[in-house]
file work_8.tsv (TSV, C-alpha atoms (C1' of nucleotides))
chain	number	residue	atom	x	y	z
A	1	MET	CA	86.10	110.38	76.94
A	2	VAL	CA	86.13	107.29	79.13
A	3	VAL	CA	84.20	107.30	82.41
A	4	PHE	CA	84.78	105.06	85.40
A	5	LEU	CA	82.37	104.51	88.23
A	6	VAL	CA	84.02	102.64	91.07
A	7	GLY	CA	83.39	102.12	94.75
A	8	PRO	CA	83.39	99.51	97.48
A	9	THR	CA	81.27	96.40	97.23
A	10	GLY	CA	77.64	96.84	98.10
A	11	ILE	CA	77.50	100.61	97.77
A	12	GLY	CA	75.08	100.52	94.85
A	13	LYS	CA	77.25	101.06	91.78
A	14	THR	CA	75.14	98.87	89.55
A	15	GLU	CA	71.96	100.91	89.74
A	16	VAL	CA	73.75	104.21	89.47
A	17	SER	CA	75.76	103.05	86.48
A	18	VAL	CA	72.64	102.21	84.50
A	19	LYS	CA	71.10	105.61	85.17
A	20	LEU	CA	74.33	107.34	84.34
A	21	ALA	CA	74.85	105.36	81.14
A	22	LYS	CA	71.47	106.51	79.89
A	23	LYS	CA	72.28	110.13	80.57
A	24	ILE	CA	75.61	110.09	78.80
A	25	GLY	CA	74.75	107.74	75.97
A	26	GLY	CA	77.06	105.14	77.37
A	27	GLU	CA	77.55	101.42	77.39
A	28	ILE	CA	78.70	99.73	80.56
A	29	ILE	CA	81.84	97.65	80.77
A	30	SER	CA	82.21	95.66	83.96
A	31	CYS	CA	85.39	96.30	85.91
A	32	ASP	CA	84.96	93.41	88.28
A	33	SER	CA	87.17	90.37	88.56
A	34	MET	CA	84.37	88.08	89.73
A	35	GLN	CA	81.33	89.23	87.81
A	36	ILE	CA	83.24	88.35	84.68
A	37	TYR	CA	82.50	84.72	85.45
A	38	LYS	CA	79.48	82.76	84.30
A	39	ASP	CA	77.26	80.93	86.76
A	40	MET	CA	78.22	83.12	89.69
A	41	ASN	CA	75.31	85.52	89.59
A	42	ILE	CA	74.12	85.34	93.15
A	43	ILE	CA	77.49	85.13	94.82
A	44	THR	CA	78.80	88.16	92.95
A	45	SER	CA	75.51	90.10	93.10
A	46	ALA	CA	75.63	90.46	89.36
A	47	PRO	CA	73.13	92.92	87.86
A	48	ARG	CA	69.72	91.43	87.26
A	49	ARG	CA	68.27	90.82	83.84
A	50	ALA	CA	66.01	93.83	83.77
A	51	LEU	CA	68.94	96.14	84.28
A	52	LEU	CA	71.02	94.41	81.66
A	53	LYS	CA	68.27	94.96	79.13
A	54	SER	CA	67.98	98.67	79.62
A	55	VAL	CA	71.63	99.43	78.82
A	56	LYS	CA	74.19	97.45	76.91
A	57	HIS	CA	76.66	95.69	79.23
A	58	HIS	CA	80.02	94.17	78.42
A	59	LEU	CA	82.20	91.59	80.18
A	60	LEU	CA	79.60	90.24	82.55
A	61	GLY	CA	79.45	86.48	82.82
A	62	VAL	CA	81.63	85.89	79.79
A	63	VAL	CA	84.29	83.56	81.20
A	64	SER	CA	83.90	80.04	82.56
A	65	PRO	CA	84.76	79.85	86.26
A	66	GLN	CA	86.93	76.92	85.34
A	67	LYS	CA	89.14	78.98	83.07
A	68	GLU	CA	92.32	80.54	84.43
A	69	TRP	CA	91.96	84.27	84.14
A	70	ASN	CA	93.94	87.40	85.01
A	71	VAL	CA	94.15	91.18	84.70
A	72	SER	CA	95.93	91.09	81.42
A	73	ALA	CA	93.29	88.96	79.75
A	74	TYR	CA	90.65	91.23	81.19
A	75	ARG	CA	92.41	94.31	79.91
A	76	ARG	CA	92.60	92.94	76.40
A	77	LEU	CA	88.87	92.30	76.28
A	78	ALA	CA	88.07	95.60	77.92
A	79	LEU	CA	90.08	97.62	75.43
A	80	LYS	CA	88.38	95.78	72.63
A	81	SER	CA	85.02	96.75	74.07
A	82	VAL	CA	86.13	100.36	74.31
A	83	LYS	CA	86.94	100.37	70.62
A	84	GLU	CA	83.59	98.90	69.71
A	85	ILE	CA	81.74	101.41	71.82
A	86	PHE	CA	83.63	104.31	70.30
A	87	SER	CA	82.87	103.01	66.85
A	88	ARG	CA	79.21	103.33	67.68
A	89	GLY	CA	79.78	106.89	68.76
A	90	ARG	CA	78.98	106.03	72.35
A	91	THR	CA	80.83	106.47	75.65
A	92	PRO	CA	82.42	103.61	77.59
A	93	LEU	CA	81.37	103.59	81.23
A	94	PHE	CA	83.46	101.21	83.32
A	95	THR	CA	81.73	100.08	86.48
A	96	GLY	CA	83.13	97.87	89.19
A	97	GLY	CA	85.30	97.64	92.22
A	98	THR	CA	88.45	95.80	91.21
A	99	GLY	CA	91.27	98.26	91.81
A	100	LEU	CA	93.87	96.41	89.82
A	101	TYR	CA	91.58	96.16	86.82
A	102	LEU	CA	90.97	99.88	87.08
A	103	SER	CA	94.65	100.76	87.12
A	104	SER	CA	95.45	98.32	84.34
A	105	LEU	CA	93.06	100.31	82.17
A	106	VAL	CA	93.80	103.83	83.28
A	107	ASP	CA	97.56	103.54	83.66
A	108	GLY	CA	98.24	100.31	81.84
A	109	ILE	CA	100.13	97.22	82.74
A	110	PHE	CA	103.44	96.03	81.43
A	111	GLU	CA	103.32	93.65	78.51
A	112	GLU	CA	105.34	90.58	79.09
A	113	ARG	CA	106.27	87.82	76.78
A	114	GLU	CA	105.13	84.33	77.61
A	115	THR	CA	106.16	82.99	80.98
A	116	LEU	CA	107.62	79.51	81.13
A	117	PRO	CA	104.89	76.95	81.69
A	118	GLY	CA	105.03	75.29	85.07
A	119	LEU	CA	107.58	77.74	86.38
A	120	ARG	CA	105.22	79.40	88.79
A	121	ALA	CA	104.10	76.12	90.29
A	122	SER	CA	107.64	75.00	90.85
A	123	LEU	CA	108.56	78.32	92.46
A	124	GLU	CA	105.54	78.13	94.74
A	125	ALA	CA	106.75	74.81	96.04
A	126	LEU	CA	109.91	76.44	97.40
A	127	ASP	CA	110.42	78.04	100.78
A	128	GLY	CA	109.54	81.73	100.96
A	129	GLY	CA	112.84	82.74	102.52
A	130	ILE	CA	114.83	81.07	99.79
A	131	LEU	CA	112.74	82.77	97.13
A	132	ALA	CA	113.17	86.14	98.81
A	133	ARG	CA	116.95	85.74	98.84
A	134	ARG	CA	116.96	84.71	95.24
A	135	LEU	CA	114.95	87.77	94.27
A	136	ALA	CA	117.21	90.08	96.24
A	137	LYS	CA	120.06	88.88	94.06
A	138	VAL	CA	118.46	89.17	90.64
A	139	ASP	CA	116.19	92.15	91.20
A	140	PRO	CA	117.16	94.25	94.21
A	141	GLU	CA	114.69	96.97	93.30
A	142	ALA	CA	111.69	94.65	93.32
A	143	SER	CA	113.03	92.89	96.36
A	144	LYS	CA	113.11	96.16	98.25
A	145	LYS	CA	109.57	96.97	97.30
A	146	ILE	CA	108.02	93.59	98.07
A	147	HIS	CA	107.63	92.52	101.67
A	148	LEU	CA	109.60	89.46	102.72
A	149	HIS	CA	106.41	87.57	103.54
A	150	ASP	CA	104.54	88.46	100.40
A	151	LYS	CA	105.33	85.21	98.69
A	152	LYS	CA	102.82	85.66	95.94
A	153	ARG	CA	104.55	88.77	94.63
A	154	ILE	CA	108.00	87.33	95.14
A	155	VAL	CA	107.03	84.31	93.07
A	156	ARG	CA	105.58	86.55	90.40
A	157	ALA	CA	108.75	88.66	90.23
A	158	LEU	CA	110.93	85.58	89.93
A	159	GLU	CA	108.64	84.06	87.37
A	160	VAL	CA	109.01	87.12	85.18
A	161	TYR	CA	112.75	87.34	85.66
A	162	GLU	CA	113.39	83.70	84.93
A	163	SER	CA	111.06	83.71	81.94
A	164	THR	CA	112.24	86.89	80.26
A	165	GLY	CA	115.70	87.50	81.63
A	166	HIS	CA	114.61	90.98	82.66
A	167	PRO	CA	113.83	92.12	86.18
A	168	ILE	CA	110.16	92.80	86.73
A	169	SER	CA	111.01	96.13	88.30
A	170	ALA	CA	112.41	97.32	84.96
A	171	LEU	CA	109.58	95.92	82.87
A	172	GLN	CA	106.94	97.42	85.11
A	173	LYS	CA	108.10	100.90	84.22
A	174	ARG	CA	106.80	100.41	80.72
A	175	ARG	CA	103.08	100.89	80.74
A	176	ASN	CA	100.47	102.77	78.75
A	177	GLY	CA	96.93	103.37	79.78
A	178	LEU	CA	93.78	105.07	78.61
A	179	ALA	CA	94.76	108.16	80.55
A	180	ASP	CA	97.65	108.69	78.12
A	181	THR	CA	95.39	108.97	75.11
A	182	HIS	CA	91.94	109.85	76.35
A	183	THR	CA	90.15	112.09	78.76
A	184	VAL	CA	89.47	109.89	81.75
A	185	ARG	CA	87.03	110.65	84.55
A	186	ILE	CA	86.94	108.42	87.60
A	187	PHE	CA	84.11	108.68	90.09
A	188	CYS	CA	84.05	106.77	93.32
A	189	LEU	CA	80.93	106.37	95.44
A	190	SER	CA	81.39	106.80	99.16
A	191	MET	CA	79.13	106.36	102.15
A	192	ASP	CA	79.27	106.51	105.90
A	193	ARG	CA	81.17	103.39	106.95
A	194	ASN	CA	78.47	102.09	109.29
A	195	ASP	CA	75.80	102.56	106.65
A	196	LEU	CA	77.94	100.76	104.11
A	197	TYR	CA	78.54	97.84	106.44
A	198	ALA	CA	74.83	97.61	107.17
A	199	ARG	CA	74.17	97.44	103.44
A	200	ILE	CA	76.78	94.76	102.99
A	201	ASP	CA	75.32	92.66	105.79
A	202	ALA	CA	71.84	93.03	104.34
A	203	ARG	CA	73.06	92.08	100.93
A	204	VAL	CA	74.61	88.88	102.21
A	205	GLU	CA	71.28	87.98	103.79
A	206	LYS	CA	69.63	88.64	100.46
A	207	MET	CA	72.11	86.42	98.65
A	208	PHE	CA	71.07	83.55	100.87
A	209	SER	CA	67.39	84.16	100.23
A	210	LEU	CA	68.05	84.22	96.48
A	211	GLY	CA	69.58	80.75	96.59
A	212	LEU	CA	73.24	81.24	97.37
A	213	LEU	CA	73.54	77.79	98.92
A	214	LYS	CA	72.40	76.07	95.77
A	215	GLU	CA	74.62	78.15	93.52
A	216	ALA	CA	77.64	77.66	95.76
A	217	LYS	CA	77.09	73.93	96.01
A	218	SER	CA	77.02	73.56	92.29
A	219	LEU	CA	80.11	75.74	91.87
A	220	LEU	CA	82.00	73.81	94.50
A	221	GLY	CA	81.28	70.64	92.58
A	222	ARG	CA	83.33	71.94	89.67
A	223	ARG	CA	87.03	72.33	89.25
A	224	LEU	CA	87.24	76.10	89.66
A	225	SER	CA	90.09	78.27	88.43
A	226	ARG	CA	92.37	79.61	91.08
A	227	THR	CA	90.75	83.00	90.69
A	228	ALA	CA	87.08	82.06	90.74
A	229	ARG	CA	87.46	79.79	93.72
A	230	TYR	CA	88.40	82.76	95.88
A	231	ALA	CA	85.09	84.55	95.50
A	232	ILE	CA	83.92	85.64	98.92
A	233	GLY	CA	81.32	83.15	100.01
A	234	LEU	CA	82.78	80.07	98.37
A	235	ARG	CA	85.45	79.25	100.88
A	236	GLU	CA	83.13	79.94	103.78
A	237	LEU	CA	80.36	77.76	102.36
A	238	LYS	CA	82.79	75.04	101.51
A	239	SER	CA	83.63	74.79	105.20
A	240	TYR	CA	79.94	74.70	105.97
A	241	PHE	CA	79.25	71.92	103.48
A	242	LYS	CA	82.10	69.92	104.93
A	243	GLY	CA	80.50	70.28	108.33
A	244	GLU	CA	83.38	72.28	109.79
A	245	ILE	CA	81.31	75.34	110.70
A	246	SER	CA	77.65	76.12	111.21
A	247	LEU	CA	75.57	77.90	108.63
A	248	ASP	CA	75.34	80.88	110.95
A	249	SER	CA	79.04	81.24	111.31
A	250	ALA	CA	79.52	80.80	107.57
A	251	LYS	CA	77.12	83.65	107.08
A	252	GLU	CA	78.90	85.82	109.62
A	253	LEU	CA	82.23	85.08	107.98
A	254	ILE	CA	80.90	86.05	104.58
A	255	LYS	CA	79.69	89.32	106.00
A	256	ARG	CA	82.96	90.02	107.75
A	257	ASN	CA	85.07	89.15	104.74
A	258	SER	CA	82.92	91.34	102.54
A	259	ARG	CA	83.34	94.23	104.98
A	260	ARG	CA	87.09	93.79	104.98
A	261	TYR	CA	87.10	93.64	101.24
A	262	ALA	CA	85.20	96.91	101.07
A	263	LYS	CA	87.76	98.45	103.41
A	264	ARG	CA	90.65	97.35	101.22
A	265	GLN	CA	88.92	98.69	98.15
A	266	LEU	CA	88.55	102.07	99.81
A	267	THR	CA	92.24	102.11	100.67
A	268	TRP	CA	93.05	101.43	97.06
A	269	PHE	CA	90.80	104.17	95.71
A	270	ARG	CA	91.83	106.75	98.29
A	271	LYS	CA	95.38	106.83	97.04
A	272	ASP	CA	94.37	107.72	93.48
A	273	LYS	CA	94.19	111.49	93.56
A	274	ARG	CA	92.43	111.67	90.21
A	275	ILE	CA	89.32	110.14	91.69
A	276	ILE	CA	86.32	112.37	92.14
A	277	TRP	CA	84.43	111.30	95.24
A	278	VAL	CA	80.66	111.24	95.19
A	279	GLU	CA	78.84	110.90	98.46
A	280	ALA	CA	75.98	108.43	98.24
A	281	GLY	CA	73.71	109.01	101.21
A	282	ARG	CA	71.86	105.92	102.31
A	283	ARG	CA	68.57	107.48	101.26
A	284	ASP	CA	69.76	108.93	97.96
A	285	ALA	CA	68.05	107.40	94.96
A	286	PRO	CA	70.41	106.03	92.27
A	287	GLU	CA	68.88	108.48	89.83
A	288	ARG	CA	69.90	111.40	92.01
A	289	ILE	CA	73.44	110.15	92.45
A	290	ALA	CA	73.72	109.60	88.71
A	291	GLY	CA	72.44	113.13	88.23
A	292	ARG	CA	75.15	114.52	90.45
A	293	ILE	CA	77.83	112.67	88.55
A	294	TYR	CA	76.37	113.84	85.29
A	295	SER	CA	76.58	117.46	86.31
A	296	LEU	CA	80.14	116.99	87.52
A	297	LEU	CA	80.96	115.58	84.11
A	298	LYS	CA	79.46	118.57	82.34
A	299	ASP	CA	81.26	121.01	84.59
A	300	GLY	CA	84.52	119.31	83.81
A	301	ASP	CA	84.20	119.75	80.06
B	1	G	C1'	66.45	86.02	151.15
B	2	C	C1'	71.15	83.13	152.00
B	3	C	C1'	75.88	81.10	150.03
B	4	G	C1'	79.51	81.25	146.19
B	5	A	C1'	81.84	83.32	141.71
B	6	G	C1'	82.48	87.49	138.85
B	7	A	C1'	82.34	92.84	137.04
B	8	U	C1'	89.29	94.97	132.95
B	9	A	C1'	89.29	96.94	125.11
B	10	G	C1'	83.48	96.37	120.75
B	11	C	C1'	83.33	90.70	122.37
B	12	U	C1'	85.60	86.43	125.19
B	13	C	C1'	89.01	86.60	128.84
B	14	A	C1'	94.47	86.87	131.25
B	15	G	C1'	97.51	89.42	134.66
B	16	U	C1'	100.08	92.82	138.22
B	17	G	C1'	100.74	97.08	144.95
B	18	G	C1'	104.10	101.34	140.65
B	19	U	C1'	97.70	103.52	135.71
B	20	A	C1'	97.30	96.90	131.80
B	21	G	C1'	97.70	92.71	127.99
B	22	A	C1'	95.94	88.09	124.40
B	23	G	C1'	92.59	86.16	120.74
B	24	C	C1'	88.66	87.67	117.81
B	25	G	C1'	86.46	92.31	116.11
B	26	C	C1'	87.82	97.11	114.37
B	27	G	C1'	91.08	101.00	112.06
B	28	G	C1'	95.20	102.41	108.73
B	29	C	C1'	98.42	100.99	104.68
B	30	C	C1'	100.87	98.28	100.38
B	31	C	C1'	99.58	96.49	95.70
B	32	U	C1'	101.62	96.22	87.69
B	33	G	C1'	99.41	88.72	84.76
B	34	A	C1'	95.58	84.53	91.28
B	35	A	C1'	93.52	91.05	92.94
B	36	A	C1'	86.54	89.30	96.14
B	37	A	C1'	93.64	87.24	96.07
B	38	G	C1'	98.13	88.18	98.90
B	39	G	C1'	101.05	91.06	102.44
B	40	C	C1'	102.34	94.89	106.47
B	41	C	C1'	101.25	98.10	110.69
B	42	G	C1'	98.16	99.78	114.93
B	43	G	C1'	95.44	98.63	121.56
B	44	C	C1'	91.38	101.47	119.84
B	45	G	C1'	90.67	101.33	127.77
B	46	U	C1'	87.79	107.14	133.08
B	47	G	C1'	90.12	98.61	134.95
B	48	G	C1'	81.15	98.75	137.54
B	49	G	C1'	79.97	103.32	141.51
B	50	G	C1'	81.61	105.22	146.32
B	51	G	C1'	84.83	105.07	150.49
B	52	G	C1'	89.33	103.21	153.15
B	53	U	C1'	94.68	101.36	153.83
B	54	C	C1'	99.21	102.87	151.34
B	55	C	C1'	104.25	107.36	149.06
B	56	G	C1'	101.25	104.91	145.27
B	57	A	C1'	95.36	100.72	144.10
B	58	U	C1'	93.16	97.93	138.32
B	59	U	C1'	95.53	94.85	142.08
B	60	C	C1'	94.38	94.76	149.42
B	61	C	C1'	89.82	96.01	152.77
B	62	C	C1'	84.59	97.87	153.34
B	63	U	C1'	80.12	99.14	150.96
B	64	C	C1'	76.56	99.74	146.99
B	65	U	C1'	74.84	98.19	142.13
B	66	C	C1'	74.60	94.54	138.49
B	67	U	C1'	75.46	89.51	136.27
B	68	C	C1'	75.96	84.24	136.64
B	69	G	C1'	75.60	79.66	139.44
B	70	G	C1'	73.72	76.92	143.90
B	71	C	C1'	70.30	76.69	148.15
B	72	A	C1'	65.71	78.26	149.66

call {"tool": "encode", "arguments": {"input": "work_8.tsv", "output": "structure tokens"}}
result
Amino acid sequence: MVVFLVGPTGIGKTEVSVKLAKKIGGEIISCDSMQIYKDMNIITSAPRRALLKSVKHHLLGVVSPQKEWNVSAYRRLALKSVKEIFSRGRTPLFTGGTGLYLSSLVDGIFEERETLPGLRASLEALDGGILARRLAKVDPEASKKIHLHDKKRIVRALEVYESTGHPISALQKRRNGLADTHTVRIFCLSMDRNDLYARIDARVEKMFSLGLLKEAKSLLGRRLSRTARYAIGLRELKSYFKGEISLDSAKELIKRNSRRYAKRQLTWFRKDKRIIWVEAGRRDAPERIAGRIYSLLKDGD
RNA sequence: GCCGAGAUAGCUCAGUGGUAGAGCGCGGCCCUGAAAAGGCCGGCGUGGGGGGUCCGAUUCCCUCUCUCGGCA
């Protein structure tokens, strides 16, 4: 069995996951596109040392923020971790909030051959309308599905087509995930929206008191990958360091962007009907929430 | 106390004698190699209280309350 514990940012997954892992004899694999990076502990609210010690964690802080990274690379590492954990007779417990990472594991992702180097960059340089028309010609199905303005996905679809000679819409139908071969249980923590937003705001304040400014400054001095540089907090603080906005408004922006992110995560999780929702009251101790999940797991067997 | 300006969406504000918009905020949604990214959709409103004119008032008039300036 493979267990997933997901939920919006700031809801308290980390604590619950440790308690749950102990109950089920599990090891935690991070399912988070930002906590995978090194040197981004404060900005990603990565679990603190004490927690890491009590249960074995995988894929936290294992990639340089300067290295280009993506779902597929993540998936490869994650599946490797799953194998290792099984070989020890233990249970993998994925914890995190990155929806795409979750689906790449549960349902899989299509395997593509190498894309042509530099192709994406040269596509990106072109006008969106031209790209959209080009895609409509070579891959009408994908073109229909992708919004005209969603240049990122249009570029991706063209990149795949021009690299492989096959439309992405056809390739994407070929996917295999853990759900095809294993029993998969996905739990998502939920909370009253206002309570969640209050927690998010408080957590941003805490990040600042833990030294976010220093961490961000040092990160911004490096040549970050195009994934890592989009961590919430970095862009906002970059504007602050450049003197474009005040520290207060940077802080407010970080809070707002985190709230919006949480909202998008919830949208993503809501559409997956396999997810078992677990209400996390604002006064519920992590231990109690973990206990509830544990009993749901036993009932399901 | 007097003079002036104002009171419209969560906030800042626009506008019109035929029940109202904009930006931000907020809500909903999409998502298959950048995903904490990227994209789409939605006004969410007893127009400060009361009275009057009018077929009809958020818009005009009176009054009350409050806010902000200025003078005392």

call {"tool": "interface_residues", "arguments": {"input": "work_8.tsv", "of": "chain B", "to": "chain A", "cutoff": "8 Å", "atoms": "all atoms listed in the file", "output": "list in words"}}
result
C29, U32, G33, A34, A35, A36, A37, G38, G39 and C40 of chain B

call {"tool": "residues_around", "arguments": {"input": "work_8.tsv", "residues": "Phe86 of chain A", "least_positions_apart": "2", "cutoff": "12 Å", "atoms": "only C-alpha atoms (C1' of nucleotides)", "output": "list of chain:residue names"}}
result
A:Met1, A:Val2, A:Gly25, A:Gly26, A:Glu27, A:Leu79, A:Lys80, A:Ser81, A:Val82, A:Lys83, A:Glu84, A:Arg88, A:Gly89, A:Arg90, A:Thr91, A:Pro92, A:Leu93, A:His182

call {"tool": "closest_residue", "arguments": {"input": "work_8.tsv", "among": "B:G69, B:G51, B:G1, B:G45", "to": "U19 of chain B", "atoms": "all atoms listed in the file"}}
result
B:G45

call {"tool": "residues_near_point", "arguments": {"input": "work_8.tsv", "point": "(94.8, 95.2, 141.8)", "cutoff": "10 Å", "atoms": "only C-alpha atoms (C1' of nucleotides)", "output": "PyMOL selection string"}}
result
chain B and resi 15-17+47+57-60

call {"tool": "residues_around", "arguments": {"input": "work_8.tsv", "residues": "Gly61 of chain A", "least_positions_apart": "5", "cutoff": "10 Å", "atoms": "all atoms listed in the file", "output": "list of chain:residue names"}}
result
A:Ser30, A:Met34, A:Gln35, A:Ile36, A:Tyr37, A:Lys38, A:Asp39, A:Met40, A:Asn41, A:Ala46

call {"tool": "residues_near_point", "arguments": {"input": "work_8.tsv", "point": "(80.9, 87.7, 143.7)", "cutoff": "10 Å", "atoms": "only C-alpha atoms (C1' of nucleotides)", "output": "number ranges by chain"}}
result
B: 4-7, 67-68

call {"tool": "residues_around", "arguments": {"input": "work_8.tsv", "residues": "segment 16-23 of chain A", "least_positions_apart": "6", "cutoff": "8 Å", "atoms": "all atoms listed in the file", "output": "list in words"}}
result
Leu5, Leu51, Ser54, Val55, Leu93, Thr95, Pro286, Glu287, Ile289, Ala290, Gly291, Ile293 and Tyr294 of chain A

call {"tool": "residues_around", "arguments": {"input": "work_8.tsv", "residues": "U65 of chain B", "least_positions_apart": "4", "cutoff": "12 Å", "atoms": "only C-alpha atoms (C1' of nucleotides)", "output": "number ranges by chain"}}
result
B: 7, 48-50

call {"tool": "residues_around", "arguments": {"input": "work_8.tsv", "residues": "Arg259 of chain A", "least_positions_apart": "5", "cutoff": "12 Å", "atoms": "all atoms listed in the file", "output": "mmCIF file with C-alpha atoms (C1' of nucleotides), keeping the file's coordinate frame"}}
result
data_model
loop_
_atom_site.group_PDB
_atom_site.id
_atom_site.type_symbol
_atom_site.label_atom_id
_atom_site.label_comp_id
_atom_site.auth_asym_id
_atom_site.auth_seq_id
_atom_site.Cartn_x
_atom_site.Cartn_y
_atom_site.Cartn_z
ATOM 1 C CA PRO A 8 83.390 99.510 97.480
ATOM 2 C CA THR A 9 81.270 96.400 97.230
ATOM 3 C CA GLY A 10 77.640 96.840 98.100
ATOM 4 C CA ILE A 11 77.500 100.610 97.770
ATOM 5 C CA ARG A 193 81.170 103.390 106.950
ATOM 6 C CA ASN A 194 78.470 102.090 109.290
ATOM 7 C CA ASP A 195 75.800 102.560 106.650
ATOM 8 C CA LEU A 196 77.940 100.760 104.110
ATOM 9 C CA TYR A 197 78.540 97.840 106.440
ATOM 10 C CA ALA A 198 74.830 97.610 107.170
ATOM 11 C CA ARG A 199 74.170 97.440 103.440
ATOM 12 C CA ILE A 200 76.780 94.760 102.990
ATOM 13 C CA ASP A 201 75.320 92.660 105.790
ATOM 14 C CA ALA A 202 71.840 93.030 104.340
ATOM 15 C CA ARG A 203 73.060 92.080 100.930
ATOM 16 C CA VAL A 204 74.610 88.880 102.210
ATOM 17 C CA ILE A 232 83.920 85.640 98.920
ATOM 18 C CA GLU A 252 78.900 85.820 109.620
ATOM 19 C CA LEU A 253 82.230 85.080 107.980
ATOM 20 C CA ILE A 254 80.900 86.050 104.580
ATOM 21 C CA ARG A 264 90.650 97.350 101.220
ATOM 22 C CA GLN A 265 88.920 98.690 98.150
ATOM 23 C CA LEU A 266 88.550 102.070 99.810
ATOM 24 C "C1'" G B 25 86.460 92.310 116.110
ATOM 25 C "C1'" C B 26 87.820 97.110 114.370
ATOM 26 C "C1'" A B 36 86.540 89.300 96.140
#

call {"tool": "atom_distance", "arguments": {"input": "work_8.tsv", "atom1": "atom CA of Pro47 of chain A", "atom2": "atom CA of Ile276 of chain A"}}
result
23.9 Å
